[in-house]
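Shown here: my_file.cif, mmCIF, C-alpha atoms.
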```cif
data_input
#
loop_
_atom_site.group_PDB
_atom_site.id
_atom_site.type_symbol
_atom_site.label_atom_id
_atom_site.label_comp_id
_atom_site.auth_asym_id
_atom_site.auth_seq_id
_atom_site.Cartn_x
_atom_site.Cartn_y
_atom_site.Cartn_z
ATOM 1 C CA MET A 142 28.927 221.628 -53.778
ATOM 2 C CA SER A 143 31.625 224.285 -54.062
ATOM 3 C CA SER A 144 35.169 223.364 -55.109
ATOM 4 C CA PRO A 145 38.225 223.625 -52.801
ATOM 5 C CA ALA A 146 39.262 226.832 -54.585
ATOM 6 C CA GLU A 147 35.823 228.370 -54.038
ATOM 7 C CA GLN A 148 35.849 227.280 -50.392
ATOM 8 C CA PHE A 149 39.281 228.866 -49.917
ATOM 9 C CA ASP A 150 38.139 232.144 -51.460
ATOM 10 C CA GLN A 151 35.074 232.204 -49.210
ATOM 11 C CA LEU A 152 37.205 231.523 -46.137
ATOM 12 C CA VAL A 153 39.524 234.385 -47.028
ATOM 13 C CA LYS A 154 36.599 236.762 -47.495
ATOM 14 C CA GLU A 155 34.856 235.698 -44.278
ATOM 15 C CA VAL A 156 37.857 235.376 -41.942
ATOM 16 C CA PHE A 157 41.256 236.516 -43.241
ATOM 17 C CA ALA A 158 40.411 239.590 -45.337
ATOM 18 C CA PRO A 159 41.111 242.211 -42.623
ATOM 19 C CA CYS A 160 44.766 241.198 -42.290
ATOM 20 C CA TYR A 161 45.811 241.706 -45.930
ATOM 21 C CA PRO A 162 45.786 245.535 -46.097
ATOM 22 C CA VAL A 163 47.767 245.657 -42.856
ATOM 23 C CA VAL A 164 50.326 243.085 -44.071
ATOM 24 C CA ALA A 165 50.648 244.910 -47.409
ATOM 25 C CA ARG A 166 51.349 248.260 -45.733
ATOM 26 C CA GLN A 167 53.904 246.621 -43.441
ATOM 27 C CA ILE A 168 55.707 245.053 -46.415
ATOM 28 C CA VAL A 169 55.816 248.312 -48.373
ATOM 29 C CA GLU A 170 57.075 250.215 -45.319
ATOM 30 C CA LYS A 171 59.685 247.600 -44.421
ATOM 31 C CA THR A 172 61.134 247.276 -47.919
ATOM 32 C CA GLY A 173 60.653 250.876 -49.016
ATOM 33 C CA ILE A 174 59.656 249.538 -52.451
ATOM 34 C CA GLU A 175 56.631 251.276 -53.951
ATOM 35 C CA GLN A 176 57.340 251.216 -57.697
ATOM 36 C CA GLY A 177 58.063 248.585 -60.322
ATOM 37 C CA LEU A 178 56.856 244.997 -60.517
ATOM 38 C CA CYS A 179 55.659 242.944 -57.545
ATOM 39 C CA LEU A 180 55.309 239.168 -57.869
ATOM 40 C CA ASP A 181 52.817 237.470 -55.528
ATOM 41 C CA ILE A 182 53.699 233.762 -55.432
ATOM 42 C CA GLY A 183 50.936 231.301 -54.599
ATOM 43 C CA CYS A 184 48.534 234.211 -54.822
ATOM 44 C CA GLY A 185 45.398 232.191 -54.102
ATOM 45 C CA SER A 186 42.357 234.365 -54.598
ATOM 46 C CA GLY A 187 44.512 237.475 -54.767
ATOM 47 C CA PHE A 188 43.972 239.434 -51.573
ATOM 48 C CA LEU A 189 47.611 240.157 -50.697
ATOM 49 C CA GLY A 190 48.496 241.193 -54.245
ATOM 50 C CA MET A 191 45.450 243.446 -54.457
ATOM 51 C CA ALA A 192 46.366 245.053 -51.147
ATOM 52 C CA ILE A 193 49.954 245.627 -52.369
ATOM 53 C CA ALA A 194 48.574 247.325 -55.500
ATOM 54 C CA GLU A 195 46.366 249.552 -53.368
ATOM 55 C CA ALA A 196 49.209 250.409 -50.964
ATOM 56 C CA SER A 197 51.680 251.384 -53.701
ATOM 57 C CA THR A 198 52.033 252.306 -57.365
ATOM 58 C CA MET A 199 53.431 248.883 -58.284
ATOM 59 C CA THR A 200 52.172 246.617 -61.022
ATOM 60 C CA VAL A 201 51.441 243.226 -59.468
ATOM 61 C CA ARG A 202 51.854 239.840 -61.141
ATOM 62 C CA MET A 203 49.665 237.234 -59.448
ATOM 63 C CA MET A 204 51.135 233.739 -59.860
ATOM 64 C CA ASP A 205 49.579 230.409 -58.911
ATOM 65 C CA ASN A 206 49.720 226.874 -60.297
ATOM 66 C CA ASP A 207 45.967 226.255 -59.842
ATOM 67 C CA PRO A 208 43.958 227.395 -62.907
ATOM 68 C CA GLU A 209 40.694 227.541 -60.982
ATOM 69 C CA MET A 210 42.271 229.674 -58.275
ATOM 70 C CA LEU A 211 43.601 232.046 -60.918
ATOM 71 C CA ALA A 212 40.123 232.345 -62.432
ATOM 72 C CA ILE A 213 38.725 233.284 -59.006
ATOM 73 C CA CYS A 214 41.602 235.706 -58.521
ATOM 74 C CA GLN A 215 40.787 237.384 -61.836
ATOM 75 C CA CYS A 216 37.156 237.808 -60.759
ATOM 76 C CA ASN A 217 38.276 239.425 -57.504
ATOM 77 C CA VAL A 218 40.667 241.737 -59.364
ATOM 78 C CA ASP A 219 37.905 242.771 -61.771
ATOM 79 C CA TYR A 220 35.499 243.367 -58.893
ATOM 80 C CA ARG A 221 38.029 245.707 -57.229
ATOM 81 C CA HIS A 222 38.660 247.474 -60.594
ATOM 82 C CA LEU A 223 42.375 246.694 -60.428
ATOM 83 C CA ASP A 224 42.698 244.961 -63.803
ATOM 84 C CA ASP A 225 44.904 247.801 -65.118
ATOM 85 C CA ARG A 226 47.410 247.221 -62.287
ATOM 86 C CA ILE A 227 47.320 243.454 -61.860
ATOM 87 C CA GLN A 228 48.261 240.654 -64.248
ATOM 88 C CA ILE A 229 47.452 236.967 -63.811
ATOM 89 C CA GLN A 230 50.267 234.454 -64.353
ATOM 90 C CA ALA A 231 50.135 230.659 -64.305
ATOM 91 C CA GLY A 232 53.372 229.343 -62.885
ATOM 92 C CA ASP A 233 55.251 227.369 -60.265
ATOM 93 C CA VAL A 234 57.700 228.764 -57.738
ATOM 94 C CA HIS A 235 60.241 226.062 -58.588
ATOM 95 C CA LYS A 236 60.517 227.427 -62.147
ATOM 96 C CA ILE A 237 59.199 230.984 -62.198
ATOM 97 C CA PRO A 238 58.257 231.989 -65.765
ATOM 98 C CA LEU A 239 59.878 235.426 -65.549
ATOM 99 C CA ALA A 240 63.211 236.789 -66.720
ATOM 100 C CA ASP A 241 66.278 237.179 -64.517
ATOM 101 C CA ALA A 242 66.379 240.395 -62.475
ATOM 102 C CA SER A 243 62.899 241.482 -63.577
ATOM 103 C CA VAL A 244 61.028 241.927 -60.276
ATOM 104 C CA GLN A 245 61.435 244.627 -57.652
ATOM 105 C CA LEU A 246 59.411 242.933 -54.890
ATOM 106 C CA VAL A 247 58.450 239.289 -54.328
ATOM 107 C CA VAL A 248 55.794 238.476 -51.745
ATOM 108 C CA SER A 249 54.075 235.314 -50.635
ATOM 109 C CA ARG A 250 51.820 234.682 -47.676
ATOM 110 C CA GLY A 251 51.110 231.094 -46.726
ATOM 111 C CA SER A 252 52.449 229.215 -49.740
ATOM 112 C CA VAL A 253 56.046 228.623 -48.559
ATOM 113 C CA PHE A 254 54.849 225.867 -46.227
ATOM 114 C CA PHE A 255 53.700 223.828 -49.236
ATOM 115 C CA TRP A 256 56.722 224.206 -51.544
ATOM 116 C CA GLU A 257 58.163 220.775 -52.342
ATOM 117 C CA ASP A 258 61.759 221.997 -52.756
ATOM 118 C CA GLN A 259 62.202 225.146 -50.725
ATOM 119 C CA VAL A 260 65.884 225.551 -51.629
ATOM 120 C CA GLN A 261 65.085 225.572 -55.352
ATOM 121 C CA ALA A 262 62.135 227.906 -54.769
ATOM 122 C CA PHE A 263 64.304 230.460 -52.969
ATOM 123 C CA ARG A 264 66.940 230.193 -55.700
ATOM 124 C CA GLU A 265 64.260 231.065 -58.230
ATOM 125 C CA ILE A 266 63.008 233.991 -56.172
ATOM 126 C CA ASN A 267 66.554 235.331 -55.913
ATOM 127 C CA ARG A 268 67.032 234.863 -59.685
ATOM 128 C CA VAL A 269 64.033 236.993 -60.644
ATOM 129 C CA LEU A 270 64.788 239.764 -58.145
ATOM 130 C CA ALA A 271 66.242 242.883 -59.714
ATOM 131 C CA PRO A 272 69.287 244.616 -58.188
ATOM 132 C CA GLY A 273 68.002 246.311 -55.063
ATOM 133 C CA GLY A 274 64.940 244.066 -55.085
ATOM 134 C CA MET A 275 63.603 242.393 -51.965
ATOM 135 C CA ALA A 276 61.423 239.458 -50.963
ATOM 136 C CA CYS A 277 59.016 238.997 -48.039
ATOM 137 C CA ILE A 278 57.996 235.358 -47.730
ATOM 138 C CA GLY A 279 56.128 233.688 -44.892
ATOM 139 C CA GLY A 280 52.896 233.823 -43.007
ATOM 140 C CA GLY A 281 51.570 236.638 -40.891
ATOM 141 C CA PHE A 282 48.432 238.367 -39.682
ATOM 142 C CA GLY A 283 49.584 241.979 -39.465
ATOM 143 C CA THR A 284 48.965 242.562 -35.758
ATOM 144 C CA VAL A 285 48.533 240.450 -32.661
ATOM 145 C CA GLU A 286 44.954 241.709 -32.359
ATOM 146 C CA LEU A 287 44.090 240.582 -35.890
ATOM 147 C CA LYS A 288 45.741 237.216 -35.287
ATOM 148 C CA GLN A 289 43.721 236.714 -32.108
ATOM 149 C CA GLN A 290 40.521 237.632 -33.929
ATOM 150 C CA ILE A 291 41.276 235.198 -36.748
ATOM 151 C CA ASP A 292 42.433 232.492 -34.319
ATOM 152 C CA ARG A 293 39.127 232.625 -32.442
ATOM 153 C CA GLU A 294 37.074 232.194 -35.594
ATOM 154 C CA MET A 295 39.328 229.516 -37.084
ATOM 155 C CA GLN A 296 39.382 227.555 -33.836
ATOM 156 C CA ARG A 297 35.594 227.603 -33.890
ATOM 157 C CA ARG A 298 35.627 226.225 -37.444
ATOM 158 C CA ASP A 299 38.550 223.832 -37.028
ATOM 159 C CA PRO A 300 39.523 222.444 -33.590
ATOM 160 C CA GLU A 301 42.989 221.551 -34.960
ATOM 161 C CA TRP A 302 43.708 225.113 -36.120
ATOM 162 C CA SER A 303 46.061 226.052 -33.260
ATOM 163 C CA GLU A 304 48.194 222.949 -33.661
ATOM 164 C CA HIS A 305 48.221 223.377 -37.441
ATOM 165 C CA LEU A 306 49.416 226.976 -37.099
ATOM 166 C CA ARG A 307 52.002 226.144 -34.444
ATOM 167 C CA GLY A 308 53.668 223.745 -36.846
ATOM 168 C CA LYS A 309 54.074 226.510 -39.413
ATOM 169 C CA ILE A 310 54.935 229.674 -37.466
ATOM 170 C CA GLY A 311 55.248 228.524 -33.853
ATOM 171 C CA PRO A 312 58.346 228.368 -31.616
ATOM 172 C CA GLY A 313 61.300 226.662 -33.264
ATOM 173 C CA THR A 314 60.054 227.078 -36.832
ATOM 174 C CA PRO A 315 62.175 230.130 -37.767
ATOM 175 C CA GLU A 316 65.510 228.379 -37.391
ATOM 176 C CA LYS A 317 64.679 225.665 -39.912
ATOM 177 C CA TYR A 318 64.735 228.313 -42.648
ATOM 178 C CA ARG A 319 68.260 229.546 -41.954
ATOM 179 C CA PRO A 320 70.031 226.560 -43.605
ATOM 180 C CA ILE A 321 67.473 226.559 -46.431
ATOM 181 C CA LEU A 322 68.176 230.185 -47.321
ATOM 182 C CA GLN A 323 71.927 229.607 -47.025
ATOM 183 C CA ALA A 324 71.716 226.539 -49.286
ATOM 184 C CA ALA A 325 69.860 228.675 -51.836
ATOM 185 C CA GLY A 326 72.840 231.039 -51.920
ATOM 186 C CA ILE A 327 71.057 233.929 -50.206
ATOM 187 C CA LYS A 328 73.686 235.678 -48.122
ATOM 188 C CA HIS A 329 71.803 238.432 -46.343
ATOM 189 C CA PHE A 330 68.418 237.748 -44.825
ATOM 190 C CA GLU A 331 66.277 238.520 -41.809
ATOM 191 C CA ILE A 332 63.988 236.068 -40.054
ATOM 192 C CA ASP A 333 61.241 238.207 -38.549
ATOM 193 C CA HIS A 334 59.352 236.084 -36.025
ATOM 194 C CA SER A 335 56.798 237.746 -33.777
ATOM 195 C CA PRO A 336 53.465 236.889 -32.131
ATOM 196 C CA ALA A 337 51.834 238.212 -35.317
ATOM 197 C CA GLY A 338 53.639 235.848 -37.707
ATOM 198 C CA LEU A 339 56.814 234.697 -39.440
ATOM 199 C CA TRP A 340 58.472 236.464 -42.388
ATOM 200 C CA LEU A 341 61.688 235.733 -44.269
ATOM 201 C CA VAL A 342 62.989 239.013 -45.665
ATOM 202 C CA PHE A 343 65.986 239.237 -47.987
ATOM 203 C CA GLU A 344 67.603 241.301 -50.693
ATOM 204 C CA ARG A 345 68.794 239.945 -53.991
ATOM 205 C CA THR A 346 72.110 238.139 -53.753
ATOM 206 C CA GLU A 347 74.175 238.619 -56.915
ATOM 207 C CA LEU A 348 74.561 235.290 -58.715
#
```
Give the structure from the file, written as structure tokens.
Amino acid sequence: MSSPAEQFDQLVKEVFAPCYPVVARQIVEKTGIEQGLCLDIGCGSGFLGMAIAEASTMTVRMMDNDPEMLAICQCNVDYRHLDDRIQIQAGDVHKIPLADASVQLVVSRGSVFFWEDQVQAFREINRVLAPGGMACIGGGFGTVELKQQIDREMQRRDPEWSEHLRGKIGPGTPEKYRPILQAAGIKHFEIDHSPAGLWLVFERTEL
């Protein structure tokens, strides 16, 4: 029987894969950041980070706290021949193992909903951002059409999918992040909530 990490990777490949290149292009276009170091937090099997690498000239650091997931991620990176652009990093968002002001772009799709201390996590993200650096954190599908396509398949696989998703990016969820970001000391941020997803976008706040 396959492990949870293997099952997750298979689900991404079978259902979610089409959304990652679209999300990556949207992030690069929105931030205007195409060079330097990108940190993908809670990278899972690596599809967003790989898409960022392919949509830009950035080096990407894939970070996850699950060793098995990182091993799968490395296999996917090798398969896509991106090992010269992507580095694997074991680590936790609550204590990111990178130097202050060392990252130009921080991304994360789907992991924010599982962070135990979101205020501390956002403080850490702000700490590692370089001057002029930006973060895009949340959960999105790229376009409404892609979300509908994924919703149909996920609802077929899991009858509770719609309710599960509504609790994460549905109506009312954006406003809960405003006090969290403010408590983390992040002064300027945008909460981008649309039918295609929810993203928290912010620039580095000087400490």
- Name the residues that the PyMOL selection byres ((chain A and resi 324) around 12) pulls out of this structure, and write them as number ranges by chain. A: 258-264, 317-323, 325-328
Query raised in the report: Which residues fall under the PyMOL selection byres ((chain A and resi 168-175) around 12) in this file, as a count of residues only?
Result: 48
Show me, as a PyMOL selection string, the residues that have an atom within 8 Å of Pro315 in chain A when counting all atoms listed in the file, minus same-chain residues fewer than 6 positions from it.
chain A and resi 332+334+339
Residues just named, written with C-alpha atoms as a PDB file, in the coordinates of the input:
```pdb
ATOM      1  CA  ILE A 332      63.988 236.068 -40.054  1.00  0.00           C
ATOM      2  CA  HIS A 334      59.352 236.084 -36.025  1.00  0.00           C
ATOM      3  CA  LEU A 339      56.814 234.697 -39.440  1.00  0.00           C
TER       4      LEU A 339
END
```
Report the distance between CA of Val153 in chain A and CA of Ile213 in chain A in Å, rounded to one decimal place.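 Taking CA of Val153 in chain A and CA of Ile213 in chain A, their separation equals 12.1 Å.
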Would you pick out the contacts of Ser186 in chain A at 10 Å or less, using all atoms listed in the file, so that residues sharing its chain but fewer than 6 positions from it are not included, and give the list as an mmCIF file with C-alpha atoms, in the coordinates of the input?
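Contents of result.cif, freshly written:
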```
data_model
loop_
_atom_site.group_PDB
_atom_site.id
_atom_site.type_symbol
_atom_site.label_atom_id
_atom_site.label_comp_id
_atom_site.auth_asym_id
_atom_site.auth_seq_id
_atom_site.Cartn_x
_atom_site.Cartn_y
_atom_site.Cartn_z
ATOM 1 C CA ALA A 146 39.262 226.832 -54.585
ATOM 2 C CA GLU A 147 35.823 228.370 -54.038
ATOM 3 C CA PHE A 149 39.281 228.866 -49.917
ATOM 4 C CA ASP A 150 38.139 232.144 -51.460
ATOM 5 C CA GLN A 151 35.074 232.204 -49.210
ATOM 6 C CA VAL A 153 39.524 234.385 -47.028
ATOM 7 C CA LYS A 154 36.599 236.762 -47.495
ATOM 8 C CA MET A 203 49.665 237.234 -59.448
ATOM 9 C CA ASP A 205 49.579 230.409 -58.911
ATOM 10 C CA GLU A 209 40.694 227.541 -60.982
ATOM 11 C CA MET A 210 42.271 229.674 -58.275
ATOM 12 C CA LEU A 211 43.601 232.046 -60.918
ATOM 13 C CA ALA A 212 40.123 232.345 -62.432
ATOM 14 C CA ILE A 213 38.725 233.284 -59.006
ATOM 15 C CA CYS A 214 41.602 235.706 -58.521
ATOM 16 C CA GLN A 215 40.787 237.384 -61.836
ATOM 17 C CA CYS A 216 37.156 237.808 -60.759
ATOM 18 C CA ASN A 217 38.276 239.425 -57.504
ATOM 19 C CA VAL A 218 40.667 241.737 -59.364
#
```
Between A:Ile227, A:Gly338, A:Met142, A:His235, which has the minimum distance to Leu287 in chain A (counting only C-alpha atoms)?
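Distance minimum relative to Leu287 in chain A lands on A:Gly338.
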Rebuild range 181-194 of chain A to N, CA, C and O atoms - output it as a PDB file, in the frame of the given file, please.
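The result, written out as result-v6.pdb:
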```
ATOM      1  N   ASP A 181      53.467 238.150 -56.655  1.00  0.00           N
ATOM      2  CA  ASP A 181      52.817 237.470 -55.528  1.00  0.00           C
ATOM      3  C   ASP A 181      52.755 235.983 -55.860  1.00  0.00           C
ATOM      4  O   ASP A 181      51.999 235.553 -56.724  1.00  0.00           O
ATOM      5  N   ILE A 182      53.568 235.197 -55.158  1.00  0.00           N
ATOM      6  CA  ILE A 182      53.699 233.762 -55.432  1.00  0.00           C
ATOM      7  C   ILE A 182      52.668 232.986 -54.612  1.00  0.00           C
ATOM      8  O   ILE A 182      52.530 233.199 -53.414  1.00  0.00           O
ATOM      9  N   GLY A 183      51.989 232.049 -55.281  1.00  0.00           N
ATOM     10  CA  GLY A 183      50.936 231.301 -54.599  1.00  0.00           C
ATOM     11  C   GLY A 183      49.843 232.251 -54.177  1.00  0.00           C
ATOM     12  O   GLY A 183      49.387 232.249 -53.028  1.00  0.00           O
ATOM     13  N   CYS A 184      49.395 233.066 -55.124  1.00  0.00           N
ATOM     14  CA  CYS A 184      48.534 234.211 -54.822  1.00  0.00           C
ATOM     15  C   CYS A 184      47.159 233.824 -54.314  1.00  0.00           C
ATOM     16  O   CYS A 184      46.457 234.649 -53.722  1.00  0.00           O
ATOM     17  N   GLY A 185      46.735 232.570 -54.538  1.00  0.00           N
ATOM     18  CA  GLY A 185      45.398 232.191 -54.102  1.00  0.00           C
ATOM     19  C   GLY A 185      44.349 233.044 -54.773  1.00  0.00           C
ATOM     20  O   GLY A 185      44.398 233.278 -55.983  1.00  0.00           O
ATOM     21  N   SER A 186      43.422 233.561 -53.998  1.00  0.00           N
ATOM     22  CA  SER A 186      42.357 234.365 -54.598  1.00  0.00           C
ATOM     23  C   SER A 186      42.717 235.845 -54.701  1.00  0.00           C
ATOM     24  O   SER A 186      41.880 236.659 -55.061  1.00  0.00           O
ATOM     25  N   GLY A 187      43.978 236.188 -54.370  1.00  0.00           N
ATOM     26  CA  GLY A 187      44.512 237.475 -54.767  1.00  0.00           C
ATOM     27  C   GLY A 187      44.514 238.594 -53.751  1.00  0.00           C
ATOM     28  O   GLY A 187      44.875 239.728 -54.090  1.00  0.00           O
ATOM     29  N   PHE A 188      44.190 238.331 -52.499  1.00  0.00           N
ATOM     30  CA  PHE A 188      43.972 239.434 -51.573  1.00  0.00           C
ATOM     31  C   PHE A 188      45.247 240.150 -51.154  1.00  0.00           C
ATOM     32  O   PHE A 188      45.231 241.371 -50.949  1.00  0.00           O
ATOM     33  N   LEU A 189      46.374 239.450 -51.035  1.00  0.00           N
ATOM     34  CA  LEU A 189      47.611 240.157 -50.697  1.00  0.00           C
ATOM     35  C   LEU A 189      48.069 241.000 -51.878  1.00  0.00           C
ATOM     36  O   LEU A 189      48.415 242.176 -51.703  1.00  0.00           O
ATOM     37  N   GLY A 190      48.070 240.437 -53.075  1.00  0.00           N
ATOM     38  CA  GLY A 190      48.496 241.193 -54.245  1.00  0.00           C
ATOM     39  C   GLY A 190      47.638 242.419 -54.486  1.00  0.00           C
ATOM     40  O   GLY A 190      48.143 243.490 -54.846  1.00  0.00           O
ATOM     41  N   MET A 191      46.333 242.291 -54.297  1.00  0.00           N
ATOM     42  CA  MET A 191      45.450 243.446 -54.457  1.00  0.00           C
ATOM     43  C   MET A 191      45.762 244.518 -53.420  1.00  0.00           C
ATOM     44  O   MET A 191      45.762 245.714 -53.731  1.00  0.00           O
ATOM     45  N   ALA A 192      46.043 244.091 -52.200  1.00  0.00           N
ATOM     46  CA  ALA A 192      46.366 245.053 -51.147  1.00  0.00           C
ATOM     47  C   ALA A 192      47.702 245.747 -51.421  1.00  0.00           C
ATOM     48  O   ALA A 192      47.852 246.939 -51.150  1.00  0.00           O
ATOM     49  N   ILE A 193      48.676 245.018 -51.982  1.00  0.00           N
ATOM     50  CA  ILE A 193      49.954 245.627 -52.369  1.00  0.00           C
ATOM     51  C   ILE A 193      49.716 246.682 -53.447  1.00  0.00           C
ATOM     52  O   ILE A 193      50.270 247.790 -53.401  1.00  0.00           O
ATOM     53  N   ALA A 194      48.879 246.367 -54.437  1.00  0.00           N
ATOM     54  CA  ALA A 194      48.574 247.325 -55.500  1.00  0.00           C
ATOM     55  C   ALA A 194      47.937 248.584 -54.927  1.00  0.00           C
ATOM     56  O   ALA A 194      48.239 249.703 -55.362  1.00  0.00           O
TER      57      ALA A 194
END
```
